[in-house]
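Quick look at query11.pdb (PDB, C-alpha atoms, pLDDT in the B column):
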```
ATOM      1  CA  MET A1241       0.000   0.000   0.000  1.00 59.00           C
ATOM      2  CA  THR A1242       1.411   3.359  -0.984  1.00 65.00           C
ATOM      3  CA  THR A1243       0.677   6.439   0.981  1.00 71.00           C
ATOM      4  CA  ASP A1244      -0.311   9.542  -0.913  1.00 70.00           C
ATOM      5  CA  TYR A1245       0.748  12.667   0.956  1.00 71.00           C
ATOM      6  CA  ARG A1246      -0.861  15.120  -1.426  1.00 68.00           C
ATOM      7  CA  THR A1247      -3.643  17.357  -0.187  1.00 70.00           C
ATOM      8  CA  PRO A1248      -7.127  16.949  -1.700  1.00 70.00           C
ATOM      9  CA  ALA A1249      -6.615  20.163  -3.684  1.00 68.00           C
ATOM     10  CA  ALA A1250      -3.371  18.828  -5.155  1.00 64.00           C
ATOM     11  CA  LYS A1251      -5.141  15.633  -6.187  1.00 64.00           C
ATOM     12  CA  VAL A1252      -7.797  17.435  -8.226  1.00 63.00           C
ATOM     13  CA  ARG A1253      -5.657  20.268  -9.560  1.00 63.00           C
ATOM     14  CA  GLY A1254      -4.936  20.153 -13.254  1.00 53.00           C
ATOM     15  CA  LEU A1255      -6.990  19.251 -16.253  1.00 45.00           C
ATOM     16  CA  GLY A1256      -8.851  16.184 -15.033  1.00 53.00           C
ATOM     17  CA  ALA A1257      -8.354  12.456 -15.417  1.00 56.00           C
ATOM     18  CA  SER A1258      -7.821  12.514 -19.168  1.00 55.00           C
ATOM     19  CA  GLY A1259      -5.408  15.415 -19.127  1.00 60.00           C
ATOM     20  CA  HIS A1260      -7.318  17.713 -21.460  1.00 65.00           C
ATOM     21  CA  GLY A1261     -10.740  18.215 -19.880  1.00 72.00           C
ATOM     22  CA  THR A1262     -10.618  21.974 -19.415  1.00 81.00           C
ATOM     23  CA  ALA A1263      -9.401  22.699 -22.942  1.00 83.00           C
ATOM     24  CA  HIS A1264     -12.054  20.368 -24.356  1.00 83.00           C
ATOM     25  CA  PHE A1265     -14.774  22.054 -22.279  1.00 87.00           C
ATOM     26  CA  ILE A1266     -13.704  25.521 -23.435  1.00 90.00           C
ATOM     27  CA  ALA A1267     -13.453  24.443 -27.094  1.00 89.00           C
ATOM     28  CA  GLN A1268     -16.977  22.996 -26.934  1.00 92.00           C
ATOM     29  CA  ARG A1269     -18.335  26.248 -25.515  1.00 94.00           C
ATOM     30  CA  VAL A1270     -16.454  28.395 -28.054  1.00 95.00           C
ATOM     31  CA  THR A1271     -17.839  26.407 -30.989  1.00 96.00           C
ATOM     32  CA  SER A1272     -21.320  26.634 -29.451  1.00 96.00           C
ATOM     33  CA  ILE A1273     -21.087  30.408 -29.249  1.00 97.00           C
ATOM     34  CA  ALA A1274     -19.656  30.625 -32.776  1.00 97.00           C
ATOM     35  CA  LEU A1275     -22.500  28.501 -34.138  1.00 97.00           C
ATOM     36  CA  PHE A1276     -25.047  30.577 -32.208  1.00 98.00           C
ATOM     37  CA  PHE A1277     -24.019  33.583 -34.284  1.00 98.00           C
ATOM     38  CA  LEU A1278     -22.964  31.903 -37.538  1.00 97.00           C
ATOM     39  CA  ILE A1279     -26.012  29.734 -38.214  1.00 97.00           C
ATOM     40  CA  PRO A1280     -28.569  32.580 -38.288  1.00 97.00           C
ATOM     41  CA  VAL A1281     -26.263  34.650 -40.499  1.00 97.00           C
ATOM     42  CA  PHE A1282     -25.672  31.684 -42.812  1.00 96.00           C
ATOM     43  CA  VAL A1283     -29.383  30.858 -43.036  1.00 95.00           C
ATOM     44  CA  TRP A1284     -30.308  34.504 -43.658  1.00 96.00           C
ATOM     45  CA  MET A1285     -27.653  34.882 -46.371  1.00 94.00           C
ATOM     46  CA  LEU A1286     -28.729  31.610 -47.947  1.00 91.00           C
ATOM     47  CA  ALA A1287     -32.407  32.579 -47.852  1.00 92.00           C
ATOM     48  CA  THR A1288     -31.775  35.938 -49.488  1.00 92.00           C
ATOM     49  CA  SER A1289     -29.521  34.482 -52.182  1.00 90.00           C
ATOM     50  CA  GLY A1290     -32.269  32.744 -54.142  1.00 85.00           C
ATOM     51  CA  ALA A1291     -30.882  29.371 -53.057  1.00 78.00           C
ATOM     52  CA  PRO A1292     -33.200  26.920 -54.842  1.00 85.00           C
ATOM     53  CA  ASP A1293     -31.903  28.202 -58.171  1.00 89.00           C
ATOM     54  CA  PRO A1294     -28.563  26.471 -58.978  1.00 88.00           C
ATOM     55  CA  ALA A1295     -27.127  29.592 -60.633  1.00 90.00           C
ATOM     56  CA  ALA A1296     -28.018  31.708 -57.589  1.00 90.00           C
ATOM     57  CA  MET A1297     -26.474  29.104 -55.299  1.00 89.00           C
ATOM     58  CA  ARG A1298     -23.236  29.095 -57.291  1.00 89.00           C
ATOM     59  CA  ALA A1299     -23.185  32.898 -57.204  1.00 91.00           C
ATOM     60  CA  PHE A1300     -23.697  32.822 -53.432  1.00 91.00           C
ATOM     61  CA  LEU A1301     -20.842  30.344 -52.896  1.00 90.00           C
ATOM     62  CA  ALA A1302     -18.591  32.183 -55.353  1.00 90.00           C
ATOM     63  CA  SER A1303     -19.016  35.477 -53.496  1.00 91.00           C
ATOM     64  CA  PRO A1304     -16.315  36.089 -50.888  1.00 91.00           C
ATOM     65  CA  MET A1305     -18.789  36.689 -48.071  1.00 94.00           C
ATOM     66  CA  GLY A1306     -20.896  33.645 -48.937  1.00 93.00           C
ATOM     67  CA  ALA A1307     -17.859  31.368 -49.160  1.00 93.00           C
ATOM     68  CA  ILE A1308     -16.341  32.675 -45.912  1.00 94.00           C
ATOM     69  CA  ILE A1309     -19.565  32.398 -43.894  1.00 96.00           C
ATOM     70  CA  THR A1310     -20.202  28.913 -45.312  1.00 95.00           C
ATOM     71  CA  LEU A1311     -16.670  27.767 -44.495  1.00 95.00           C
ATOM     72  CA  LEU A1312     -16.768  29.223 -40.983  1.00 96.00           C
ATOM     73  CA  THR A1313     -20.149  27.628 -40.268  1.00 97.00           C
ATOM     74  CA  LEU A1314     -19.076  24.220 -41.567  1.00 96.00           C
ATOM     75  CA  THR A1315     -15.752  24.326 -39.726  1.00 96.00           C
ATOM     76  CA  ALA A1316     -17.347  25.273 -36.411  1.00 97.00           C
ATOM     77  CA  GLY A1317     -20.116  22.722 -36.930  1.00 97.00           C
ATOM     78  CA  PHE A1318     -17.787  19.839 -37.699  1.00 97.00           C
ATOM     79  CA  HIS A1319     -15.478  20.708 -34.807  1.00 96.00           C
ATOM     80  CA  HIS A1320     -18.457  20.902 -32.451  1.00 96.00           C
ATOM     81  CA  MET A1321     -19.790  17.590 -33.771  1.00 96.00           C
ATOM     82  CA  ARG A1322     -16.428  15.875 -33.295  1.00 96.00           C
ATOM     83  CA  SER A1323     -16.030  17.206 -29.756  1.00 94.00           C
ATOM     84  CA  GLY A1324     -19.537  16.215 -28.724  1.00 94.00           C
ATOM     85  CA  LEU A1325     -19.246  12.699 -30.093  1.00 95.00           C
ATOM     86  CA  GLN A1326     -15.826  12.353 -28.453  1.00 93.00           C
ATOM     87  CA  VAL A1327     -17.396  13.060 -25.057  1.00 91.00           C
ATOM     88  CA  VAL A1328     -20.092  10.449 -25.675  1.00 93.00           C
ATOM     89  CA  ILE A1329     -17.504   7.847 -26.716  1.00 95.00           C
ATOM     90  CA  GLU A1330     -15.235   8.593 -23.745  1.00 90.00           C
ATOM     91  CA  ASP A1331     -18.130   8.452 -21.282  1.00 90.00           C
ATOM     92  CA  TYR A1332     -20.009   5.394 -22.511  1.00 94.00           C
ATOM     93  CA  VAL A1333     -17.498   3.076 -24.223  1.00 93.00           C
ATOM     94  CA  HIS A1334     -15.412   1.224 -21.660  1.00 92.00           C
ATOM     95  CA  LYS A1335     -13.281  -1.197 -23.681  1.00 95.00           C
ATOM     96  CA  ALA A1336      -9.950   0.453 -24.471  1.00 93.00           C
ATOM     97  CA  GLY A1337      -9.571  -0.972 -27.985  1.00 95.00           C
ATOM     98  CA  THR A1338     -13.128  -0.162 -29.007  1.00 96.00           C
ATOM     99  CA  LYS A1339     -12.819   3.326 -27.548  1.00 95.00           C
ATOM    100  CA  THR A1340      -9.608   3.967 -29.485  1.00 96.00           C
ATOM    101  CA  LEU A1341     -11.116   2.734 -32.746  1.00 97.00           C
ATOM    102  CA  LEU A1342     -14.247   4.831 -32.282  1.00 97.00           C
ATOM    103  CA  LEU A1343     -12.240   7.943 -31.410  1.00 96.00           C
ATOM    104  CA  LEU A1344     -10.049   7.452 -34.491  1.00 97.00           C
ATOM    105  CA  GLY A1345     -13.135   6.833 -36.624  1.00 97.00           C
ATOM    106  CA  ASN A1346     -14.772   9.958 -35.226  1.00 97.00           C
ATOM    107  CA  THR A1347     -11.726  12.060 -36.050  1.00 97.00           C
ATOM    108  CA  PHE A1348     -11.218  10.640 -39.543  1.00 98.00           C
ATOM    109  CA  LEU A1349     -14.918  10.786 -40.429  1.00 97.00           C
ATOM    110  CA  THR A1350     -15.194  14.393 -39.315  1.00 97.00           C
ATOM    111  CA  LEU A1351     -11.986  15.367 -41.081  1.00 97.00           C
ATOM    112  CA  GLY A1352     -13.111  13.566 -44.232  1.00 97.00           C
ATOM    113  CA  LEU A1353     -16.500  15.282 -44.221  1.00 96.00           C
ATOM    114  CA  TRP A1354     -14.826  18.650 -43.715  1.00 97.00           C
ATOM    115  CA  LEU A1355     -12.377  18.037 -46.566  1.00 97.00           C
ATOM    116  CA  VAL A1356     -15.204  16.978 -48.910  1.00 96.00           C
ATOM    117  CA  THR A1357     -17.211  20.094 -48.096  1.00 94.00           C
ATOM    118  CA  VAL A1358     -14.182  22.372 -48.488  1.00 95.00           C
ATOM    119  CA  PHE A1359     -13.368  20.737 -51.830  1.00 96.00           C
ATOM    120  CA  ALA A1360     -16.973  21.173 -52.983  1.00 93.00           C
ATOM    121  CA  LEU A1361     -16.999  24.786 -51.823  1.00 92.00           C
ATOM    122  CA  VAL A1362     -13.736  25.582 -53.631  1.00 91.00           C
ATOM    123  CA  LYS A1363     -14.917  23.778 -56.767  1.00 91.00           C
ATOM    124  CA  LEU A1364     -18.202  25.714 -56.779  1.00 87.00           C
ATOM    125  CA  ALA A1365     -16.528  29.010 -55.937  1.00 81.00           C
ATOM    126  CA  LEU A1366     -14.050  28.810 -58.815  1.00 81.00           C
TER     127      LEU A1366
END
```

So that I can check it, write out the structure of this file as structure tokens.
Amino acid sequence: MTTDYRTPAAKVRGLGASGHGTAHFIAQRVTSIALFFLIPVFVWMLATSGAPDPAAMRAFLASPMGAIITLLTLTAGFHHMRSGLQVVIEDYVHKAGTKTLLLLGNTFLTLGLWLVTVFALVKLAL
């Protein structure tokens, strides 16, 4: 039996059991706030662009403001999605191998979706 001479405050000080809890918590809140402002702006810009018409949609995505708002919204959304699913996996999957595979799959799926949307946005904008 080892004796731990640390005080209770010393035991809980830091970033939590996983080593990155505080940064993850802050990142989740930052993306939430970003999406709170970006989604209404994106929807309003999309609604006023004449979106059902393919030519109007291409013009919207080709405009600098339309492309930037779309990219910011998608980036914040995918990051928020990845972080949220990571919390679910870490909290509810208990087998180490399964947890690792799911976390890798979550990261690669989110990154892949983001790359596909960025490619599509660049292709439509040019």

Non-local contacts of Val1281 of chain A (12 Å; all atoms listed in the file; under 3 positions in same chain excluded) as number ranges by chain: A: 1274-1278, 1284-1288, 1305-1306, 1308-1310, 1312-1313

With the file shown as input, list the residues that the PyMOL selection byres ((chain A and resi 1320-1337) around 10) selects, as a PyMOL selection string. chain A and resi 1258+1261+1264-1265+1267-1272+1274-1275+1314-1319+1338-1344+1346-1351

Decode the PyMOL selection byres ((chain A and resi 1362-1364) around 7) for the given file into explicit residues and return them as an NGL selection string. :A and (1298 or 1301-1302 or 1358-1361 or 1365-1366)

Atom CA of Leu1311 of chain A and atom CA of Trp1354 of chain A are how many Å apart? 9.3 Å

Give me the box for segment 1270-1283 of chain A as lines of an AutoDock Vina configuration file, namely the centre and edge lengths in Å to one decimal of a box along x, y and z that holds every listed atom plus 3 Å on each side.
```
center_x = -22.9
center_y = 30.5
center_z = -35.5
size_x = 18.9
size_y = 14.2
size_z = 21.0
```
